[in-house]
Protein chains: 2
Amino acid sequence: MTIDDYNTIQNHSFYYLCRMQWQLHPKMNEKLYLRDPEQSDIGRKILKHGVTLIRELGFEGFTFKKLSEVTKTTEATIYRYFENKHRLLAYIVAWYWYWLDFQVMFNTHNVESAEKKIKTVIDILTWQIESGQTTGNDINMEDLHEIIKTESSKVYLTKHVSEDNQAQIFKPYKDLCGRISSIFLEYSPDYTYPRSLSSTLVETAHSQDFFMLNLPSLTDFSEAKSLVKVKEFLESLVFSSLALPAVAASKR
Amino acid sequence: MTIDDYNTIQNHSFYYLCRMQWQLHPKMNEKLYLRDPEQSDIGRKILKHGVTLIRELGFEGFTFKKLSEVTKTTEATIYRYFENKHRLLAYIVAWYWYWLDFQVMFNTHNVESAEKKIKTVIDILTWQIESGQTTGNDINMEDLHEIIKTESSKVYLTKHVSEDNQAQIFKPYKDLCGRISSIFLEYSPDYTYPRSLSSTLVETAHSQDFFMLNLPSLTDFSEAKSLVKVKEFLESLVFSSLALPAVAASKR
DNA sequence: TCATTTATGATAGTAATACTATTACAAATG
DNA sequence: CATTTGTAATAGTATTACTATCATAAATGA
């Protein structure tokens, strides 16, 4: 199966849903917002321009004031939707995890081979998002993907992780990792670390992509800046780990 | 070899150097500071209390004003040492990478077996730092280790990575990964991704530790909150990957 | 249809942050 | 003894991250 095949799958799942008038509207955790941004024009604008601005300025350089200028509204209005910019980032990132989880579910559904499922998961994690691609919500997927790589870990790397965790802020991320680890267990029922391998896979997919683009000497992909190499690395990482019991036995 | 043996190695290398009146003073990159903090009492205080305060407040909550109160100096003085708080964090993190690199070098030196070297590296990465432990610089290692887990990635996850990279800010991290990947190649000369595996190992050591403590359902270590489990996971991850060529051949 | 919520806009204001600038003095150095 | 260097004290600025108030327009519901 080539990359093109998978791109076809991607576009297929996208357009299929569009043609069916389905909208990917995950039910977002209410703790993530003060007023539901999906329910008004202004709210949707905040999300849309929020994504582009955070990508453009970086999360540290991003402010509600600047966002209010772009969305042609006031700071006060944005504060009525989100408590602060950290919550807005948390919302955006959570949305992405929901989206990824859906993609994994949709594209592994009715696939019999666990091996194929795993390859599909890794494929989804290393999708090269085409520029201009948007979702039903009019959110630019390229910008979103860039935000995930650079800013997503800042959502949990805080002094208030525990409270945020209790507020279920990280549920979609946990769900995604839970789904992936089930697939791992399907492939290799005796594997000891399915959850850790899942979170490692997801984190590594993003960090290696970031390193490849920004600190290439931390990777082996310096020459050809291509996600295909990252994909191969991740596949080798995951499949060798899942084959471990046999390996360990043969080594002893 | 048990954990205790390795703790002995750790303490040994520490105290050995202390007894010899050696001080671990890495030559820090000059771009990291405006005035060398190691060269004055106030500078050393800034580093020492900087570490404790950043750990206490989190990097976002930490300000030079608060640091100036603790160090009993003024904001202006601190600004003469470091351009801003991000640079101070970069300095602290770079110092840690130097320290880690030294530990790896020291403890793998004269070890013949590459397998043993790798185990030592993983051991160092998962050291349980004892409270109260300080270095020659009087920096609290427990606080520092906590900072590394929660704040270190914020040093490179910025809009100005490329400029920082050109200023060699990340050299110690790259050196560490370079050293580790050499060991990987020693163990398995044909392995395709030694650098990516190194950065993945280092990143995963910290992220899994963070997840274990804060988002345990992303790991398989929820029950016993122990770094020993993380160590075992990392060993399985690395050794299975490095054994891959054989595995792949046997699978086809 | 009219009354009443509700959402937004406009405006103002505040405490804290992240700095910069200036002057001055004391200690170390050459 | 002159000069560099380090630190303190003080002041000031633009920006950030909010909060509060009040007016008005739009949506809703009886």
# chains A, B, ... in the order shown; residues from 1 in each chain; ligands from 1
$ interface_residues --of "chain B" --to "chain A" --cutoff "9 Å" --atoms "only C-alpha atoms" --output "ChimeraX atom specification"
/B:56-61,149-151,153-154,156-159,161-162,165,170,173-174,177-178,192-200,203-204,207-208,210,214-215,217-221,230,233,236-244,247-248
$ interface_residues --of "chain B" --to "chain D" --cutoff "9 Å" --atoms "only C-alpha atoms (C1' of nucleotides)" --output "PyMOL selection string"
chain B and resi 73-74+77
$ write_last_selection --atoms "N, CA and C atoms" --output "mmCIF file, in the first residue's frame"
data_model
loop_
_atom_site.group_PDB
_atom_site.id
_atom_site.type_symbol
_atom_site.label_atom_id
_atom_site.label_comp_id
_atom_site.auth_asym_id
_atom_site.auth_seq_id
_atom_site.Cartn_x
_atom_site.Cartn_y
_atom_site.Cartn_z
ATOM 1 N N THR B 73 18.015 41.031 45.668
ATOM 2 C CA THR B 73 18.667 41.971 44.763
ATOM 3 C C THR B 73 17.551 42.665 43.976
ATOM 4 N N THR B 74 17.872 43.328 42.890
ATOM 5 C CA THR B 74 16.827 44.016 42.132
ATOM 6 C C THR B 74 16.619 43.351 40.780
ATOM 7 N N THR B 77 19.317 44.090 38.227
ATOM 8 C CA THR B 77 20.547 43.297 38.335
ATOM 9 C C THR B 77 20.409 41.970 37.599
#
$ atom_distance --atom1 "atom CA of Lys231 of chain B" --atom2 "atom CA of Tyr187 of chain B"
18.6 Å
$ interface_residues --of "chain C" --to "chain A" --cutoff "10 Å" --atoms "only C-alpha atoms (C1' of nucleotides)" --output "list in words"
DA7, DT8, DG9 and DA10 of chain C
$ atom_distance --atom1 "atom CA of Lys31 of chain A" --atom2 "atom C1' of DT5 of chain C"
23.9 Å
$ residues_around --residues "Asp101 of chain A" --least-positions-apart "2" --cutoff "8 Å" --atoms "only C-alpha atoms (C1' of nucleotides)" --output "list of chain:residue names"
A:Trp97, A:Tyr98, A:Trp99, A:Gln103, A:Val104, A:Met105, A:Pro172, A:Asp175, A:Leu176, A:Arg179
$ select_by_dssp --residues "segment 21-248 of chain A" --states "helix (DSSP H, G or I)" --output "ChimeraX atom specification"
/A:30-32,37-39,41-61,64-70,75-81,85-108,114-125,141-155,161-166,171-187,194-214,216-218,227-242,244-248
$ atom_distance --atom1 "atom CA of Met28 of chain A" --atom2 "atom CA of Trp95 of chain A"
7.4 Å
